file upload-v9.tsv (TSV, C-alpha atoms)
chain	number	residue	atom	x	y	z
A	1	MET	CA	44.15	21.73	103.17
A	2	ILE	CA	42.07	19.80	105.71
A	3	ARG	CA	44.27	18.75	108.63
A	4	VAL	CA	43.27	15.35	109.99
A	5	GLY	CA	43.78	13.88	113.46
A	6	LEU	CA	43.81	10.08	113.54
A	7	ILE	CA	42.76	8.58	116.87
A	8	GLY	CA	44.35	5.15	117.16
A	9	PHE	CA	47.09	3.48	115.15
A	10	GLY	CA	46.35	-0.21	115.37
A	11	MET	CA	45.43	-2.28	112.35
A	12	ALA	CA	42.66	0.08	111.19
A	13	GLY	CA	44.76	3.23	111.52
A	14	ARG	CA	47.92	1.72	110.08
A	15	VAL	CA	46.44	-0.25	107.17
A	16	PHE	CA	43.43	1.79	106.14
A	17	HIS	CA	43.16	5.33	107.43
A	18	GLY	CA	46.80	6.44	107.44
A	19	PRO	CA	47.58	5.43	103.84
A	20	LEU	CA	44.21	6.56	102.47
A	21	ILE	CA	44.25	10.00	104.11
A	22	SER	CA	47.81	10.48	102.87
A	23	SER	CA	46.78	9.58	99.32
A	24	VAL	CA	43.94	12.09	98.83
A	25	ASP	CA	44.59	15.63	97.61
A	26	GLY	CA	43.32	18.20	100.06
A	27	LEU	CA	43.79	16.02	103.15
A	28	GLU	CA	46.81	16.08	105.43
A	29	LEU	CA	47.50	13.45	108.07
A	30	ALA	CA	48.67	15.96	110.66
A	31	ALA	CA	48.38	14.21	114.03
A	32	VAL	CA	47.94	10.76	115.53
A	33	LEU	CA	46.86	9.70	119.00
A	34	GLU	CA	49.11	6.84	120.14
A	35	ARG	CA	49.11	6.39	123.88
A	36	SER	CA	52.41	4.56	124.40
A	37	THR	CA	54.10	3.74	121.07
A	38	ASP	CA	55.58	5.75	118.21
A	39	ASN	CA	54.67	3.57	115.25
A	40	ALA	CA	52.85	6.33	113.40
A	41	VAL	CA	55.67	8.89	113.43
A	42	LYS	CA	58.07	6.25	112.08
A	43	ARG	CA	55.83	5.94	109.03
A	44	TYR	CA	54.79	9.59	108.81
A	45	PRO	CA	57.70	11.70	110.20
A	46	ARG	CA	55.90	15.04	109.81
A	47	ILE	CA	52.98	14.26	112.09
A	48	THR	CA	52.49	15.29	115.69
A	49	THR	CA	52.00	12.45	118.16
A	50	TYR	CA	49.60	12.95	121.06
A	51	ARG	CA	49.26	10.72	124.11
A	52	SER	CA	45.70	11.54	125.20
A	53	LEU	CA	42.35	12.26	123.62
A	54	ASP	CA	42.10	15.58	125.46
A	55	ALA	CA	45.45	16.66	124.03
A	56	ILE	CA	44.66	15.89	120.40
A	57	LEU	CA	41.19	17.45	120.68
A	58	ALA	CA	42.82	20.63	121.99
A	59	ASP	CA	44.75	21.05	118.71
A	60	ALA	CA	42.69	23.79	117.08
A	61	SER	CA	44.46	23.32	113.74
A	62	LEU	CA	42.75	19.96	113.16
A	63	ASP	CA	39.57	20.12	111.06
A	64	LEU	CA	38.61	16.44	110.97
A	65	PHE	CA	39.09	13.50	113.32
A	66	VAL	CA	39.07	9.80	112.49
A	67	VAL	CA	38.20	7.27	115.20
A	68	ALA	CA	40.19	4.05	114.62
A	69	THR	CA	40.21	2.59	118.12
A	70	PRO	CA	38.80	-0.84	119.13
A	71	SER	CA	35.09	-1.20	118.34
A	72	GLY	CA	33.88	-1.08	121.91
A	73	THR	CA	35.35	2.42	122.37
A	74	HIS	CA	33.95	4.03	119.21
A	75	PHE	CA	30.86	5.53	120.80
A	76	GLU	CA	32.59	7.27	123.68
A	77	VAL	CA	35.49	8.58	121.57
A	78	ALA	CA	33.18	9.83	118.80
A	79	ARG	CA	30.93	11.45	121.40
A	80	GLN	CA	33.85	13.40	122.82
A	81	VAL	CA	34.97	14.50	119.36
A	82	LEU	CA	31.49	15.78	118.54
A	83	GLU	CA	31.19	17.48	121.93
A	84	ALA	CA	34.41	19.31	121.06
A	85	GLY	CA	32.67	20.65	117.94
A	86	LYS	CA	34.69	18.64	115.41
A	87	ASN	CA	33.77	16.64	112.29
A	88	VAL	CA	34.38	12.92	112.70
A	89	VAL	CA	34.81	9.76	110.65
A	90	VAL	CA	34.18	6.60	112.69
A	91	ASP	CA	35.52	3.20	111.69
A	92	LYS	CA	32.96	0.42	111.49
A	93	PRO	CA	30.98	-0.41	113.48
A	94	MET	CA	30.14	3.13	114.50
A	95	SER	CA	29.06	1.71	117.86
A	96	THR	CA	28.12	-1.62	119.38
A	97	THR	CA	24.43	-0.64	119.63
A	98	SER	CA	21.97	1.16	117.39
A	99	ALA	CA	20.79	3.21	120.38
A	100	GLN	CA	24.26	4.70	120.81
A	101	ILE	CA	24.49	5.47	117.10
A	102	ALA	CA	21.16	7.29	117.36
A	103	GLN	CA	22.65	9.38	120.18
A	104	LEU	CA	25.64	10.27	118.01
A	105	ILE	CA	23.38	11.25	115.11
A	106	GLN	CA	21.40	13.57	117.38
A	107	LEU	CA	24.58	15.06	118.86
A	108	ALA	CA	26.08	15.68	115.41
A	109	ALA	CA	22.88	17.44	114.34
A	110	THR	CA	22.87	19.57	117.50
A	111	LYS	CA	26.52	20.53	117.00
A	112	GLY	CA	26.16	21.05	113.26
A	113	ARG	CA	29.04	18.67	112.54
A	114	LEU	CA	29.60	15.73	110.22
A	115	LEU	CA	29.36	12.16	111.50
A	116	ILE	CA	30.51	9.77	108.76
A	117	PRO	CA	30.73	5.95	109.00
A	118	PHE	CA	33.76	4.28	107.43
A	119	HIS	CA	31.89	1.83	105.20
A	120	ASN	CA	34.77	1.60	102.74
A	121	ARG	CA	33.76	-1.69	101.13
A	122	ARG	CA	31.21	0.10	99.00
A	123	TRP	CA	34.34	0.89	96.98
A	124	ASP	CA	35.45	-2.74	96.61
A	125	SER	CA	36.05	-3.76	93.01
A	126	ASP	CA	33.68	-6.74	93.12
A	127	PHE	CA	30.88	-4.75	94.72
A	128	GLN	CA	31.28	-1.93	92.21
A	129	THR	CA	31.18	-4.51	89.40
A	130	ILE	CA	27.95	-6.02	90.74
A	131	GLN	CA	26.37	-2.57	90.94
A	132	LYS	CA	27.28	-2.05	87.29
A	133	LEU	CA	25.84	-5.43	86.24
A	134	LEU	CA	22.59	-4.73	88.06
A	135	HIS	CA	22.34	-1.24	86.58
A	136	GLU	CA	22.94	-2.54	83.05
A	137	GLY	CA	20.40	-5.32	83.46
A	138	SER	CA	22.93	-7.93	82.35
A	139	LEU	CA	21.43	-10.51	84.71
A	140	GLY	CA	17.77	-9.84	84.20
A	141	ARG	CA	15.51	-10.49	87.19
A	142	ILE	CA	17.51	-11.31	90.32
A	143	VAL	CA	16.17	-14.18	92.44
A	144	TYR	CA	19.11	-14.75	94.80
A	145	LEU	CA	22.30	-12.98	95.81
A	146	GLU	CA	24.79	-14.57	98.18
A	147	SER	CA	27.59	-12.49	99.71
A	148	ARG	CA	30.19	-14.32	101.78
A	149	PHE	CA	33.40	-13.34	103.55
A	150	ASP	CA	34.99	-16.62	104.58
A	151	ARG	CA	38.52	-16.95	105.97
A	152	TRP	CA	40.87	-19.48	107.54
A	153	ARG	CA	41.65	-18.18	111.03
A	154	PRO	CA	41.70	-21.15	113.41
A	155	ASN	CA	43.80	-19.37	116.07
A	156	PRO	CA	43.16	-16.16	118.02
A	157	PRO	CA	44.95	-13.03	116.72
A	158	ALA	CA	47.68	-12.35	119.26
A	159	ASP	CA	47.87	-8.64	118.38
A	160	ARG	CA	44.11	-7.96	118.49
A	161	LEU	CA	42.65	-10.03	121.30
A	162	TRP	CA	39.81	-7.54	121.78
A	163	LYS	CA	38.30	-8.93	118.56
A	164	GLU	CA	37.56	-12.13	120.49
A	165	ASP	CA	35.90	-10.29	123.39
A	166	PRO	CA	32.13	-9.85	122.91
A	167	ASN	CA	32.09	-7.13	125.59
A	168	ALA	CA	34.59	-5.08	123.55
A	169	GLY	CA	32.65	-5.27	120.30
A	170	GLY	CA	34.40	-8.40	119.09
A	171	GLY	CA	32.91	-11.10	116.90
A	172	VAL	CA	32.65	-11.66	113.18
A	173	LEU	CA	29.02	-10.49	113.02
A	174	MET	CA	29.86	-6.94	114.06
A	175	ASP	CA	33.16	-6.97	112.17
A	176	ILE	CA	32.54	-8.51	108.75
A	177	GLY	CA	28.76	-8.45	109.15
A	178	THR	CA	28.74	-4.66	109.23
A	179	HIS	CA	30.47	-4.52	105.84
A	180	ILE	CA	28.39	-7.03	103.94
A	181	ALA	CA	25.10	-5.95	105.53
A	182	ASP	CA	25.85	-2.37	104.49
A	183	GLN	CA	26.55	-3.54	100.93
A	184	ALA	CA	23.22	-5.40	100.82
A	185	LEU	CA	21.23	-2.45	102.14
A	186	HIS	CA	23.04	-0.10	99.77
A	187	LEU	CA	22.11	-2.31	96.81
A	188	PHE	CA	18.54	-3.26	97.66
A	189	GLY	CA	17.24	-1.04	100.45
A	190	LEU	CA	15.60	-2.20	103.69
A	191	PRO	CA	14.52	-5.86	103.98
A	192	GLU	CA	11.16	-6.98	105.27
A	193	ALA	CA	12.58	-9.43	107.83
A	194	ILE	CA	15.67	-11.39	108.82
A	195	PHE	CA	16.44	-14.96	109.76
A	196	ALA	CA	19.86	-15.60	111.31
A	197	ASP	CA	22.10	-18.33	112.61
A	198	ILE	CA	25.03	-16.96	114.66
A	199	LEU	CA	27.60	-19.41	116.02
A	200	CYS	CA	30.85	-19.97	117.87
A	201	GLU	CA	32.50	-22.74	115.83
A	202	ARG	CA	36.07	-22.68	117.15
A	203	GLU	CA	36.32	-24.49	120.48
A	204	TRP	CA	38.08	-21.61	122.21
A	205	ALA	CA	35.87	-18.83	120.76
A	206	ARG	CA	34.25	-16.36	123.15
A	207	ALA	CA	32.73	-14.10	120.49
A	208	ASN	CA	30.75	-15.34	117.49
A	209	ASP	CA	32.95	-16.51	114.62
A	210	ALA	CA	30.35	-17.61	112.05
A	211	PHE	CA	26.96	-16.42	110.84
A	212	GLN	CA	24.32	-16.95	108.17
A	213	LEU	CA	21.74	-14.23	107.51
A	214	ARG	CA	18.75	-14.48	105.19
A	215	LEU	CA	17.07	-11.25	104.08
A	216	PRO	CA	13.76	-11.64	102.19
A	217	TYR	CA	12.88	-8.95	99.67
A	218	PRO	CA	9.85	-8.89	97.36
A	219	GLY	CA	10.64	-11.47	94.69
A	220	PHE	CA	14.18	-12.36	95.75
A	221	THR	CA	16.42	-13.31	98.66
A	222	VAL	CA	19.79	-12.03	99.89
A	223	ALA	CA	22.01	-14.41	101.88
A	224	LEU	CA	24.96	-13.07	103.88
A	225	GLY	CA	27.56	-15.19	105.64
A	226	ALA	CA	31.05	-15.41	107.08
A	227	ASN	CA	33.14	-17.83	109.10
A	228	SER	CA	36.70	-18.37	110.27
A	229	LEU	CA	37.17	-22.02	109.28
A	230	SER	CA	36.97	-22.04	105.48
A	231	MET	CA	39.85	-23.34	103.40
A	232	PRO	CA	39.44	-22.65	100.57
A	233	ALA	CA	36.78	-20.00	100.90
A	234	ARG	CA	33.48	-20.21	99.06
A	235	PRO	CA	32.77	-17.61	96.35
A	236	ARG	CA	32.72	-14.01	97.56
A	237	PHE	CA	29.56	-13.39	95.50
A	238	HIS	CA	27.06	-15.60	93.72
A	239	ILE	CA	24.04	-14.19	91.91
A	240	ARG	CA	21.26	-16.29	90.38
A	241	SER	CA	18.89	-14.60	87.96
A	242	SER	CA	16.47	-15.10	85.08
A	243	LYS	CA	19.28	-14.72	82.53
A	244	GLY	CA	22.05	-16.68	84.25
A	245	ASN	CA	24.54	-16.57	87.11
A	246	PHE	CA	27.46	-14.42	88.22
A	247	TRP	CA	30.31	-15.91	90.28
A	248	LYS	CA	33.19	-14.10	91.96
A	249	TRP	CA	35.94	-15.73	94.02
A	250	GLY	CA	38.59	-13.96	96.07
A	251	LEU	CA	38.73	-10.64	97.91
A	252	ASP	CA	39.28	-7.14	96.66
A	253	PRO	CA	43.10	-6.63	96.55
A	254	GLN	CA	43.21	-3.21	98.22
A	255	GLU	CA	43.49	-4.28	101.87
A	256	ALA	CA	46.45	-6.58	101.19
A	257	ALA	CA	48.18	-3.82	99.23
A	258	LEU	CA	47.50	-1.15	101.87
A	259	ASN	CA	49.15	-3.37	104.47
A	260	GLN	CA	52.49	-2.83	102.68
A	261	ILE	CA	52.52	0.93	102.05
A	262	VAL	CA	52.13	4.36	103.66
A	263	ARG	CA	50.76	6.12	100.58
A	264	ILE	CA	49.19	4.98	97.30
A	265	ALA	CA	51.48	5.70	94.36
A	266	ASP	CA	50.57	2.86	91.95
A	267	PRO	CA	48.73	4.24	88.86
A	268	GLY	CA	47.07	0.84	88.51
A	269	TRP	CA	45.70	0.88	92.04
A	270	GLY	CA	42.82	-1.52	92.67
A	271	ARG	CA	43.34	-3.55	89.49
A	272	GLU	CA	42.64	-7.28	89.73
A	273	LEU	CA	44.53	-9.86	87.71
A	274	PRO	CA	42.41	-11.38	84.89
A	275	GLU	CA	42.51	-14.81	86.52
A	276	ASN	CA	40.63	-13.30	89.49
A	277	TRP	CA	37.83	-11.71	87.47
A	278	GLY	CA	34.24	-12.73	88.06
A	279	THR	CA	32.42	-14.97	85.60
A	280	LEU	CA	29.06	-14.35	83.98
A	281	ASN	CA	27.20	-17.46	82.83
A	282	VAL	CA	24.19	-16.69	80.64
A	283	ASP	CA	21.62	-18.81	78.85
A	284	VAL	CA	21.78	-18.63	75.06
A	285	GLU	CA	19.17	-20.74	73.24
A	286	GLY	CA	19.09	-23.31	76.01
A	287	GLY	CA	22.86	-23.53	76.41
A	288	SER	CA	25.25	-21.90	78.87
A	289	VAL	CA	27.80	-19.35	77.66
A	290	SER	CA	30.47	-18.25	80.11
A	291	ARG	CA	32.58	-15.12	79.92
A	292	PRO	CA	34.87	-13.23	82.31
A	293	VAL	CA	33.66	-9.83	83.44
A	294	ALA	CA	36.21	-7.02	83.42
A	295	PRO	CA	35.88	-5.50	86.91
A	296	VAL	CA	35.26	-1.90	87.82
A	297	LEU	CA	38.36	-0.62	89.59
A	298	GLY	CA	37.98	-0.51	93.34
A	299	ASP	CA	39.35	2.59	95.03
A	300	TYR	CA	38.96	3.40	98.71
A	301	ARG	CA	40.43	6.84	98.06
A	302	LEU	CA	37.05	7.82	96.63
A	303	TYR	CA	35.58	7.48	100.13
A	304	TYR	CA	38.03	9.99	101.58
A	305	ALA	CA	37.66	12.27	98.56
A	306	GLY	CA	33.97	12.31	99.45
A	307	VAL	CA	34.79	13.09	103.08
A	308	ARG	CA	36.97	15.99	101.94
A	309	ASP	CA	34.20	17.40	99.75
A	310	ALA	CA	31.66	17.03	102.56
A	311	VAL	CA	33.89	18.92	105.01
A	312	LEU	CA	34.30	21.67	102.42
A	313	GLY	CA	30.53	21.84	101.95
A	314	LYS	CA	30.70	20.77	98.32
A	315	ALA	CA	28.83	17.46	98.58
A	316	PRO	CA	26.91	15.26	101.03
A	317	ALA	CA	28.86	12.74	103.07
A	318	PRO	CA	29.93	9.65	101.08
A	319	VAL	CA	28.10	7.47	103.63
A	320	ALA	CA	25.19	8.78	105.69
A	321	ALA	CA	25.22	8.27	109.45
A	322	ILE	CA	21.70	6.79	109.27
A	323	ASP	CA	23.17	3.94	107.21
A	324	ALA	CA	25.33	2.92	110.19
A	325	TRP	CA	22.23	2.91	112.39
A	326	ARG	CA	20.31	0.74	109.91
A	327	VAL	CA	23.11	-1.81	109.73
A	328	ALA	CA	23.42	-1.92	113.52
A	329	ARG	CA	19.67	-2.35	113.93
A	330	LEU	CA	19.62	-5.15	111.36
A	331	LEU	CA	22.40	-6.99	113.20
A	332	GLU	CA	20.52	-6.60	116.49
A	333	TRP	CA	17.49	-8.23	114.89
A	334	ALA	CA	19.85	-10.94	113.61
A	335	VAL	CA	20.95	-11.73	117.17
A	336	GLU	CA	17.32	-11.82	118.26
A	337	SER	CA	16.46	-14.15	115.39
A	338	SER	CA	19.32	-16.52	116.17
A	339	GLU	CA	18.42	-16.68	119.85
A	340	GLN	CA	14.71	-17.28	119.18
A	341	ARG	CA	15.23	-19.53	116.13
A	342	ARG	CA	12.65	-17.66	114.09
A	343	GLU	CA	12.32	-15.01	111.42
A	344	ILE	CA	12.13	-11.49	112.88
A	345	PRO	CA	10.14	-8.77	111.06
A	346	CYS	CA	12.10	-5.57	110.49
A	347	ASP	CA	10.23	-2.48	111.66
A	348	TRP	CA	11.96	0.48	110.07
A	349	THR	CA	9.33	3.06	111.07
A	350	LEU	CA	11.22	4.35	114.13
A	351	GLN	CA	14.52	5.69	112.83
A	352	PRO	CA	16.63	8.58	114.15
A	353	LYS	CA	16.16	11.88	112.39
call {"tool": "encode", "arguments": {"input": "upload-v9.tsv", "output": "structure tokens"}}
result
Amino acid sequence: MIRVGLIGFGMAGRVFHGPLISSVDGLELAAVLERSTDNAVKRYPRITTYRSLDAILADASLDLFVVATPSGTHFEVARQVLEAGKNVVVDKPMSTTSAQIAQLIQLAATKGRLLIPFHNRRWDSDFQTIQKLLHEGSLGRIVYLESRFDRWRPNPPADRLWKEDPNAGGGVLMDIGTHIADQALHLFGLPEAIFADILCEREWARANDAFQLRLPYPGFTVALGANSLSMPARPRFHIRSSKGNFWKWGLDPQEAALNQIVRIADPGWGRELPENWGTLNVDVEGGSVSRPVAPVLGDYRLYYAGVRDAVLGKAPAPVAAIDAWRVARLLEWAVESSEQRREIPCDWTLQPK
């Protein structure tokens, strides 16, 4: 049994990490760092609550730590965990700069410990379904893929004000952008360049709350976007190809379900209702034929099963630390592009080892 210490019990710890760790065989949520509240022990009565990072790091029975604090603190907390000689999962973004992520990668290598980004949306149902369609060749030659994560959030979140503070790692680019950029790079590899438009659309916004990214690849284009003033939202995915189009509306249901539970017990976990399935429109003899596409089940537990196996030395990490660096570097080029109003070439030659 791998005993896990969870550092932070805000939205990320409560909704994602706590329930997922508790739902994977071989992992035990054993301790939580909560500085002033006792929310975690109310949900998980068997855990130990610690009030300081030094105290939880001193617990020699813990084999793995998960950093689920506000984004701007990830680097320093993860650094201290690695310095203590412990394996660590770090919620996205791993840090607010690619340079700091490179430091963490070097430190993990020096210490001989695992550094694993929490890029859980690789296990979204819609993303898994798209991977399957591309692998099967159902769409033929792809010319355009659009991935959007639009929401209606006109007011600041009273319980997470740091998300509106650019100095604390706030902003939709680093939040949602990390997820959908990681999905794009996981599907298609490293783009040649990036053109970006990053905005503050809400009158009170301090951190960016909307973005459009265009990633050119040989023969096709990937467009990524998000904003906080969409009602209803545009399609989550749209793919145009030589054989037709694929459309998918709505978000993977796992986050909403995790918000209500402490442990996954539903045997149908991750299943989408048929009315929410994506639609494949293909050309047949000059006419369009439309059919729903039965989705691949999404399951974030597979991420933590991969973490477990990596800690046990049975498999590589489910997400490589270099992938977090690549996403962070891409988003830095996006900011540069938006500020200069031009396409920025992506130079991937200098990457951390």
call {"tool": "residues_around", "arguments": {"input": "upload-v9.tsv", "residues": "range 160-172 of chain A", "least_positions_apart": "5", "cutoff": "12 Å", "atoms": "only C-alpha atoms", "output": "PyMOL selection string"}}
result
chain A and resi 10-12+69-75+92-97+148-151+153+155+177-180+198-202+204-212+225-229+328+331+335
call {"tool": "residues_around", "arguments": {"input": "upload-v9.tsv", "residues": "range 304-312 of chain A", "least_positions_apart": "3", "cutoff": "10 Å", "atoms": "all atoms listed in the file", "output": "list of chain:residue names"}}
result
A:Met1, A:Ile2, A:His17, A:Leu20, A:Ile21, A:Ser22, A:Ser23, A:Val24, A:Asp25, A:Gly26, A:Leu27, A:Asp63, A:Leu64, A:Asn87, A:Val88, A:Val89, A:Arg113, A:Leu114, A:Ile116, A:Phe118, A:Asn120, A:Asp299, A:Tyr300, A:Arg301, A:Ala315, A:Pro316, A:Ala317, A:Pro318, A:Val319
call {"tool": "residues_around", "arguments": {"input": "upload-v9.tsv", "residues": "Glu146 in chain A", "least_positions_apart": "5", "cutoff": "7 Å", "atoms": "only C-alpha atoms", "output": "PyMOL selection string"}}
result
chain A and resi 222-224+237-239
call {"tool": "atom_distance", "arguments": {"input": "upload-v9.tsv", "atom1": "CA of Gln351 in chain A", "atom2": "CA of Leu173 in chain A"}}
result
21.7 Å
call {"tool": "atom_distance", "arguments": {"input": "upload-v9.tsv", "atom1": "CA of Val41 in chain A", "atom2": "CA of Val67 in chain A"}}
result
17.6 Å
call {"tool": "closest_residue", "arguments": {"input": "upload-v9.tsv", "among": "A:Val289, A:Ile261, A:Ile130, A:Leu297", "to": "Val15 in chain A", "atoms": "only C-alpha atoms"}}
result
A:Ile261
call {"tool": "residues_near_point", "arguments": {"input": "upload-v9.tsv", "point": "(25.8, 16.9, 117.1)", "cutoff": "12 Å", "atoms": "only C-alpha atoms", "output": "list in words"}}
result
Ala78, Arg79, Gln80, Val81, Leu82, Glu83, Ala84, Gly85, Lys86, Asn87, Val88, Ile101, Ala102, Gln103, Leu104, Ile105, Gln106, Leu107, Ala108, Ala109, Thr110, Lys111, Gly112, Arg113, Leu114, Leu115, Ile116, Ala321 and Lys353 of chain A
call {"tool": "residues_near_point", "arguments": {"input": "upload-v9.tsv", "point": "(45.5, 6.7, 122.1)", "cutoff": "8 Å", "atoms": "all atoms listed in the file", "output": "PyMOL selection string"}}
result
chain A and resi 7-9+33-36+50-53+69
call {"tool": "decode", "arguments": {"input": "upload-v9.tsv", "residues": "range 203-217 of chain A", "atoms": "N, CA and C atoms", "output": "CSV table (one decimal), in the first residue's frame"}}
result
chain,number,residue,atom,x,y,z
A,203,GLU,N,-15.1,43.3,-17.3
A,203,GLU,CA,-14.6,44.7,-17.0
A,203,GLU,C,-13.8,44.7,-15.7
A,204,TRP,N,-14.1,43.8,-14.8
A,204,TRP,CA,-13.3,43.8,-13.5
A,204,TRP,C,-12.1,42.9,-13.5
A,205,ALA,N,-11.9,42.2,-14.6
A,205,ALA,CA,-10.8,41.1,-14.7
A,205,ALA,C,-9.4,41.7,-14.5
A,206,ARG,N,-8.6,41.0,-13.7
A,206,ARG,CA,-7.2,41.4,-13.5
A,206,ARG,C,-6.3,40.4,-14.3
A,207,ALA,N,-6.7,39.1,-14.3
A,207,ALA,CA,-6.0,38.1,-15.0
A,207,ALA,C,-6.8,37.8,-16.3
A,208,ASN,N,-6.1,37.3,-17.3
A,208,ASN,CA,-6.7,37.0,-18.6
A,208,ASN,C,-7.9,36.0,-18.4
A,209,ASP,N,-9.0,36.3,-19.1
A,209,ASP,CA,-10.2,35.4,-19.0
A,209,ASP,C,-10.7,34.9,-20.3
A,210,ALA,N,-9.9,35.1,-21.4
A,210,ALA,CA,-10.2,34.6,-22.7
A,210,ALA,C,-8.9,34.5,-23.5
A,211,PHE,N,-8.9,33.4,-24.4
A,211,PHE,CA,-7.7,33.3,-25.3
A,211,PHE,C,-8.1,32.5,-26.5
A,212,GLN,N,-7.4,32.8,-27.6
A,212,GLN,CA,-7.4,32.0,-28.9
A,212,GLN,C,-6.0,31.7,-29.2
A,213,LEU,N,-5.7,30.4,-29.5
A,213,LEU,CA,-4.4,30.0,-29.9
A,213,LEU,C,-4.5,29.3,-31.2
A,214,ARG,N,-3.6,29.6,-32.1
A,214,ARG,CA,-3.5,28.9,-33.4
A,214,ARG,C,-2.2,28.2,-33.5
A,215,LEU,N,-2.2,26.9,-33.7
A,215,LEU,CA,-1.0,26.1,-33.8
A,215,LEU,C,-0.9,25.5,-35.2
A,216,PRO,N,0.0,26.0,-36.0
A,216,PRO,CA,0.2,25.4,-37.4
A,216,PRO,C,1.1,24.1,-37.3
A,217,TYR,N,0.6,23.1,-37.9
A,217,TYR,CA,1.3,21.8,-38.1
A,217,TYR,C,1.4,21.6,-39.6
